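Just run-v2.txt here, compact mmCIF, C-alpha atoms:
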# COMPACT_ATOMS: atom_id res chain seq x y z
CA MET M 971 45.36 -25.31 10.66
CA SER M 972 47.50 -22.36 9.54
CA ASP M 973 50.71 -21.43 11.37
CA PRO M 974 49.73 -18.86 14.06
CA PHE M 975 53.24 -17.40 13.98
CA SER M 976 53.66 -16.81 10.23
CA GLN M 977 52.26 -13.24 10.09
CA PRO M 978 51.48 -10.44 12.57
CA VAL M 979 47.97 -10.53 14.06
CA HIS M 980 45.72 -7.47 13.66
CA ALA M 981 45.32 -6.87 17.40
CA SER M 982 46.49 -4.89 20.43
CA CYS M 983 48.51 -6.25 23.34
CA VAL M 984 49.25 -5.00 26.86
CA CYS M 985 51.10 -6.56 29.77
CA PHE M 986 50.70 -6.48 33.52
CA THR M 987 54.12 -6.37 35.13
CA PRO M 988 55.11 -7.89 38.50
CA ALA M 989 53.77 -6.53 41.80
CA PRO M 990 55.15 -3.05 42.60
CA GLU M 991 57.65 -4.24 45.22
CA ASP M 992 59.04 -6.81 42.76
CA ALA M 993 59.20 -4.23 39.99
CA ALA M 994 60.98 -1.70 42.23
CA ARG M 995 63.56 -4.27 43.33
CA ALA M 996 64.05 -5.53 39.80
CA SER M 997 64.32 -2.02 38.33
CA ALA M 998 67.44 -1.35 40.39
CA GLU M 999 69.10 -4.28 38.62
CA ARG M 1000 68.16 -3.21 35.09
CA MET M 1001 70.26 -1.01 32.86
CA THR M 1002 68.45 -0.75 29.53
CA GLN M 1003 64.93 -1.04 28.12
CA GLU M 1004 65.93 -4.20 26.22
CA ARG M 1005 67.29 -5.93 29.32
CA ARG M 1006 64.31 -4.84 31.43
CA THR M 1007 61.79 -6.40 29.08
CA GLN M 1008 63.66 -9.69 29.10
CA GLU M 1009 63.55 -9.85 32.91
CA LEU M 1010 59.89 -9.02 33.42
CA SER M 1011 57.58 -11.85 34.33
CA GLY M 1012 54.46 -9.98 33.21
CA GLN M 1013 51.26 -11.39 31.86
CA ALA M 1014 50.30 -10.16 28.38
CA ILE M 1015 46.72 -9.86 27.12
CA LEU M 1016 46.14 -10.08 23.36
CA ILE M 1017 43.06 -8.10 22.28
CA ARG M 1018 41.51 -9.20 18.97
CA GLY M 1019 38.44 -8.22 16.98
CA PRO M 1020 37.28 -6.67 13.73
CA SER M 1021 38.56 -3.28 12.60
CA GLY M 1022 36.94 -0.40 14.48
CA ILE M 1023 35.52 -2.50 17.34
CA GLY M 1024 37.67 -0.81 20.00
CA LYS M 1025 40.83 -2.89 20.49
CA SER M 1026 43.00 0.16 21.08
CA SER M 1027 40.40 1.74 23.39
CA PHE M 1028 40.24 -1.51 25.37
CA ALA M 1029 44.06 -1.54 25.56
CA LEU M 1030 44.06 2.08 26.78
CA ARG M 1031 41.56 1.15 29.53
CA LEU M 1032 43.88 -1.65 30.64
CA ILE M 1033 46.85 0.73 30.55
CA GLY M 1034 44.81 3.02 32.80
CA LEU M 1035 44.54 0.07 35.20
CA GLY M 1036 48.32 -0.41 35.30
CA ALA M 1037 49.18 -2.40 32.17
CA VAL M 1038 52.05 -1.45 29.87
CA LEU M 1039 51.75 -1.34 26.08
CA VAL M 1040 53.34 -4.17 24.13
CA ALA M 1041 51.84 -3.54 20.69
CA ASP M 1042 48.94 -1.86 18.92
CA ASP M 1043 47.50 -2.52 15.49
CA PHE M 1044 49.84 -5.43 14.68
CA VAL M 1045 51.26 -8.00 17.10
CA SER M 1046 53.90 -10.57 16.20
CA LEU M 1047 53.59 -13.88 18.03
CA GLY M 1048 56.30 -16.48 18.38
CA LEU M 1049 57.24 -19.50 20.48
CA GLU M 1050 60.03 -19.12 23.01
CA GLY M 1051 60.46 -22.41 24.79
CA LYS M 1052 57.02 -23.34 26.10
CA ARG M 1053 55.65 -19.78 26.02
CA VAL M 1054 54.01 -17.68 23.33
CA MET M 1055 55.70 -14.29 23.18
CA ALA M 1056 54.03 -11.15 21.83
CA LYS M 1057 55.92 -8.17 20.41
CA ALA M 1058 55.38 -5.16 18.19
CA PRO M 1059 56.92 -4.72 14.76
CA SER M 1060 59.86 -2.30 15.19
CA ARG M 1061 58.24 0.65 13.43
CA LEU M 1062 55.17 0.51 15.72
CA ARG M 1063 56.89 0.06 19.11
CA GLY M 1064 55.49 2.38 21.75
CA VAL M 1065 52.73 3.79 19.49
CA ILE M 1066 48.98 3.37 20.04
CA GLU M 1067 46.03 4.97 18.28
CA ALA M 1068 43.48 6.85 20.38
CA ARG M 1069 40.48 7.23 18.05
CA GLY M 1070 39.50 10.86 17.72
CA VAL M 1071 42.77 11.98 19.37
CA GLY M 1072 45.53 10.59 17.17
CA LEU M 1073 48.69 8.55 17.70
CA LEU M 1074 50.18 8.46 21.18
CA ARG M 1075 53.69 7.45 22.16
CA LEU M 1076 53.66 5.48 25.44
CA PRO M 1077 56.16 3.51 27.50
CA TYR M 1078 56.25 -0.05 26.18
CA LEU M 1079 57.68 -3.50 26.66
CA ASP M 1080 59.69 -4.99 23.82
CA HIS M 1081 57.99 -8.35 24.28
CA ALA M 1082 55.98 -10.28 26.89
CA PRO M 1083 54.63 -13.80 27.43
CA LEU M 1084 51.01 -14.17 26.37
CA ALA M 1085 48.64 -15.24 29.16
CA LEU M 1086 45.16 -14.37 27.87
CA ILE M 1087 43.34 -13.67 24.60
CA VAL M 1088 40.31 -11.36 24.64
CA ASP M 1089 38.10 -11.47 21.54
CA LEU M 1090 36.00 -8.30 21.29
CA VAL M 1091 32.65 -8.98 19.61
CA ALA M 1092 29.77 -6.74 18.53
CA ASN M 1093 26.93 -6.24 20.99
CA THR M 1094 24.10 -8.52 19.84
CA ASN M 1095 21.42 -7.54 22.41
CA HIS M 1096 21.78 -11.01 23.89
CA PRO M 1097 22.98 -10.96 27.48
CA ALA M 1098 26.36 -12.55 28.06
CA ALA M 1099 26.44 -15.81 29.98
CA ARG M 1100 26.94 -15.13 33.68
CA LEU M 1101 29.28 -18.10 34.05
CA PRO M 1102 30.64 -18.99 30.61
CA GLU M 1103 32.58 -22.18 30.02
CA ASN M 1104 36.35 -21.78 30.18
CA ARG M 1105 37.71 -21.66 26.62
CA TYR M 1106 41.22 -21.91 25.24
CA GLU M 1107 43.01 -21.35 21.96
CA ASN M 1108 45.95 -23.46 20.90
CA LEU M 1109 48.86 -21.42 19.54
CA GLY M 1110 51.40 -23.94 18.39
CA SER M 1111 51.75 -26.31 21.34
CA VAL M 1112 50.59 -23.76 23.95
CA GLN M 1113 47.04 -23.47 25.26
CA ILE M 1114 46.02 -19.85 26.01
CA PRO M 1115 42.80 -18.93 27.93
CA LEU M 1116 40.25 -17.12 25.74
CA LEU M 1117 37.49 -14.68 26.76
CA SER M 1118 34.87 -13.14 24.46
CA MET M 1119 33.47 -9.75 25.46
CA THR M 1120 31.33 -7.09 23.85
CA GLU M 1121 33.09 -3.88 22.94
CA ASP M 1122 30.75 -1.84 25.15
CA SER M 1123 31.13 -3.91 28.30
CA ARG M 1124 31.95 -1.38 31.02
CA SER M 1125 33.61 -4.02 33.15
CA ALA M 1126 35.53 -5.68 30.31
CA ALA M 1127 38.87 -4.11 31.22
CA ILE M 1128 38.51 -4.93 34.91
CA ILE M 1129 37.48 -8.53 34.18
CA ALA M 1130 40.41 -9.04 31.83
CA ALA M 1131 42.86 -7.44 34.25
CA MET M 1132 41.70 -9.56 37.16
CA ALA M 1133 41.68 -12.72 35.06
CA ARG M 1134 45.44 -12.74 34.67
CA ALA M 1135 47.01 -10.14 36.99
CA PRO M 1136 48.48 -12.01 39.97
CA SER M 1137 49.46 -8.72 41.61
CA MET M 1138 45.74 -8.01 42.07
CA GLY M 1139 45.28 -11.31 43.93
CA ALA M 1140 42.60 -12.52 41.51
CA THR M 1141 42.18 -15.90 39.87
CA LEU M 1142 39.77 -16.92 37.10
CA LEU M 1143 37.69 -19.77 38.53
CA ASP M 1144 36.36 -22.75 36.64
CA PRO M 1145 32.55 -22.26 36.73
CA SER M 1146 31.94 -26.02 36.83
CA ALA M 1147 34.13 -26.55 39.92
CA PRO M 1148 32.59 -26.35 43.39
CA LEU M 1149 33.46 -23.27 45.40
CA GLY M 1150 35.56 -24.32 48.38
CA GLY M 1151 34.62 -22.79 51.70
CA GLY M 1152 37.32 -21.38 53.87
Once more with this new file: its structure as structure tokens, please.
Amino acid sequence: MSDPFSQPVHASCVCFTPAPEDAARASAERMTQERRTQELSGQAILIRGPSGIGKSSFALRLIGLGAVLVADDFVSLGLEGKRVMAKAPSRLRGVIEARGVGLLRLPYLDHAPLALIVDLVANTNHPAARLPENRYENLGSVQIPLLSMTEDSRSAAIIAAMARAPSMGATLLDPSAPLGGG
């Protein structure tokens, strides 16, 4: 297996930051963009897929749902302790392409811990499994949850956001586990 950290990945990446009350409290303690990004406990989503499939559009939908840009077009991954960290190459920080509009400069995080990988795939006219098996990808010694979605899935951004955004109170359930009654 090749080293997943040797070269930037052709992908987009966004991060959901802590719940608003935590972010407001923490922001009072922060002085610079660099320090702020080191203190955030956000959950980054890496969006992969072939060129032109809609990675940046997917990232912009997540940003519309409250995520913050980490990187677009190229994402550098690296191990930091027991976490995989995602960051943008310096010349691309804060820049995202909106197809048909141009390049946009947005607020961004310098880096964030990776919590989920979304692989965008072409629509094949086969319906997606209603309850797909949980899948993971090993990056170094870290196992990251992996979802595959079609680029035209209207609920793709909401599903991905809920899968890893604790501030929304959502958890991705194991489809083979029994649902506990409350």
Inset, instruction - Excluding stretch 1010-1022 of chain M and any residue of its chain fewer than 4 positions from it, enumerate the residues within 8 Å of it, using only C-alpha atoms, and give them as a PyMOL selection string. - result: chain M and resi 980-988+1006+1028-1029+1040+1056+1082-1091+1130+1134-1135
Legend entry - Among listed residues M:Ser1111, M:Thr1120, M:Ser1060, M:Thr1094, nearest M:Ser1046 (using all atoms listed in the file):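 Comparing M:Ser1111, M:Thr1120, M:Ser1060, M:Thr1094 against M:Ser1046, the winner is M:Ser1060.
Taking atom CA of M:Pro1077 and atom CA of M:Val1054 as endpoints, the distance between them is 21.7 Å.
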Inset, instruction - Could you please determine the separation between atom CA of M:Gly1072 and atom CA of M:Asp1043 in Å, to one decimal place? - result: 13.4 Å
Legend entry - Neighbours of point (50.0, 7.3, 22.0) within 12 Å, using all atoms listed in the file, written as a ChimeraX atom specification: /M:1026-1027,1029-1030,1033,1038-1039,1041-1042,1062-1078
Inset, instruction - State, in Å with one decimal place, the distance from atom CA of M:Asp1080 to atom CA of M:Gly1110. - result: 21.4 Å
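Take the candidates M:Leu1101, M:His1081, M:Val979, M:Ala1147 and check each one against M:Glu1050 using all atoms listed in the file; the shortest distance goes to M:His1081.
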Can you give me N, CA and C atoms for stretch 1055-1090 of chain M, written as a short mmCIF file (atom, residue, chain, number, x, y, z; two decimals), in the frame of the given file?
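Generated output (part_16.cif):
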data_model
loop_
_atom_site.label_atom_id
_atom_site.label_comp_id
_atom_site.auth_asym_id
_atom_site.auth_seq_id
_atom_site.Cartn_x
_atom_site.Cartn_y
_atom_site.Cartn_z
N MET M 1055 55.26 -15.66 22.92
CA MET M 1055 55.70 -14.29 23.18
C MET M 1055 55.03 -13.35 22.18
N ALA M 1056 54.64 -12.18 22.67
CA ALA M 1056 54.03 -11.15 21.83
C ALA M 1056 54.99 -9.97 21.76
N LYS M 1057 55.09 -9.36 20.56
CA LYS M 1057 55.92 -8.17 20.41
C LYS M 1057 55.39 -7.33 19.26
N ALA M 1058 55.81 -6.08 19.25
CA ALA M 1058 55.38 -5.16 18.19
C ALA M 1058 56.41 -5.15 17.07
N PRO M 1059 55.96 -4.97 15.83
CA PRO M 1059 56.92 -4.72 14.76
C PRO M 1059 57.72 -3.45 15.12
N SER M 1060 58.98 -3.38 14.74
CA SER M 1060 59.86 -2.30 15.19
C SER M 1060 59.32 -0.91 14.90
N ARG M 1061 58.69 -0.70 13.76
CA ARG M 1061 58.24 0.65 13.43
C ARG M 1061 57.03 1.10 14.25
N LEU M 1062 56.35 0.17 14.93
CA LEU M 1062 55.17 0.51 15.72
C LEU M 1062 55.41 0.46 17.23
N ARG M 1063 56.62 0.20 17.67
CA ARG M 1063 56.89 0.06 19.11
C ARG M 1063 56.58 1.36 19.84
N GLY M 1064 55.81 1.24 20.90
CA GLY M 1064 55.49 2.38 21.75
C GLY M 1064 54.42 3.31 21.20
N VAL M 1065 53.74 2.93 20.11
CA VAL M 1065 52.73 3.79 19.49
C VAL M 1065 51.37 3.11 19.57
N ILE M 1066 50.35 3.88 19.99
CA ILE M 1066 48.98 3.37 20.04
C ILE M 1066 48.05 4.46 19.50
N GLU M 1067 47.00 4.03 18.82
CA GLU M 1067 46.03 4.97 18.28
C GLU M 1067 44.92 5.21 19.29
N ALA M 1068 44.63 6.48 19.57
CA ALA M 1068 43.48 6.85 20.38
C ALA M 1068 42.49 7.50 19.41
N ARG M 1069 41.44 6.76 19.06
CA ARG M 1069 40.48 7.23 18.05
C ARG M 1069 39.94 8.59 18.44
N GLY M 1070 39.98 9.51 17.49
CA GLY M 1070 39.50 10.86 17.72
C GLY M 1070 40.56 11.78 18.34
N VAL M 1071 41.68 11.20 18.77
CA VAL M 1071 42.77 11.98 19.37
C VAL M 1071 43.99 11.94 18.47
N GLY M 1072 44.37 10.76 18.03
CA GLY M 1072 45.53 10.59 17.17
C GLY M 1072 46.45 9.51 17.71
N LEU M 1073 47.69 9.53 17.25
CA LEU M 1073 48.69 8.55 17.70
C LEU M 1073 49.35 9.04 18.97
N LEU M 1074 49.51 8.15 19.92
CA LEU M 1074 50.18 8.46 21.18
C LEU M 1074 51.43 7.64 21.30
N ARG M 1075 52.49 8.21 21.84
CA ARG M 1075 53.69 7.45 22.16
C ARG M 1075 53.66 7.19 23.66
N LEU M 1076 53.74 5.90 24.04
CA LEU M 1076 53.66 5.48 25.44
C LEU M 1076 54.87 4.62 25.79
N PRO M 1077 55.17 4.51 27.09
CA PRO M 1077 56.16 3.51 27.50
C PRO M 1077 55.69 2.14 27.04
N TYR M 1078 56.63 1.26 26.71
CA TYR M 1078 56.25 -0.05 26.18
C TYR M 1078 57.24 -1.11 26.60
N LEU M 1079 56.81 -2.34 26.47
CA LEU M 1079 57.68 -3.50 26.66
C LEU M 1079 58.03 -4.04 25.28
N ASP M 1080 59.26 -4.44 25.11
CA ASP M 1080 59.69 -4.99 23.82
C ASP M 1080 58.95 -6.27 23.48
N HIS M 1081 58.75 -7.11 24.48
CA HIS M 1081 57.99 -8.35 24.28
C HIS M 1081 57.51 -8.84 25.64
N ALA M 1082 56.52 -9.74 25.64
CA ALA M 1082 55.98 -10.28 26.89
C ALA M 1082 55.31 -11.61 26.61
N PRO M 1083 55.30 -12.51 27.61
CA PRO M 1083 54.63 -13.80 27.43
C PRO M 1083 53.12 -13.63 27.45
N LEU M 1084 52.46 -14.27 26.51
CA LEU M 1084 51.01 -14.17 26.37
C LEU M 1084 50.32 -15.07 27.40
N ALA M 1085 49.36 -14.49 28.14
CA ALA M 1085 48.64 -15.24 29.16
C ALA M 1085 47.14 -15.33 28.90
N LEU M 1086 46.60 -14.42 28.07
CA LEU M 1086 45.16 -14.37 27.87
C LEU M 1086 44.86 -13.75 26.51
N ILE M 1087 43.84 -14.27 25.84
CA ILE M 1087 43.34 -13.67 24.60
C ILE M 1087 41.92 -13.19 24.88
N VAL M 1088 41.66 -11.92 24.53
CA VAL M 1088 40.31 -11.36 24.64
C VAL M 1088 39.83 -11.09 23.23
N ASP M 1089 38.73 -11.73 22.83
CA ASP M 1089 38.10 -11.47 21.54
C ASP M 1089 36.96 -10.48 21.78
N LEU M 1090 37.08 -9.27 21.21
CA LEU M 1090 36.00 -8.30 21.29
C LEU M 1090 34.99 -8.60 20.20
#
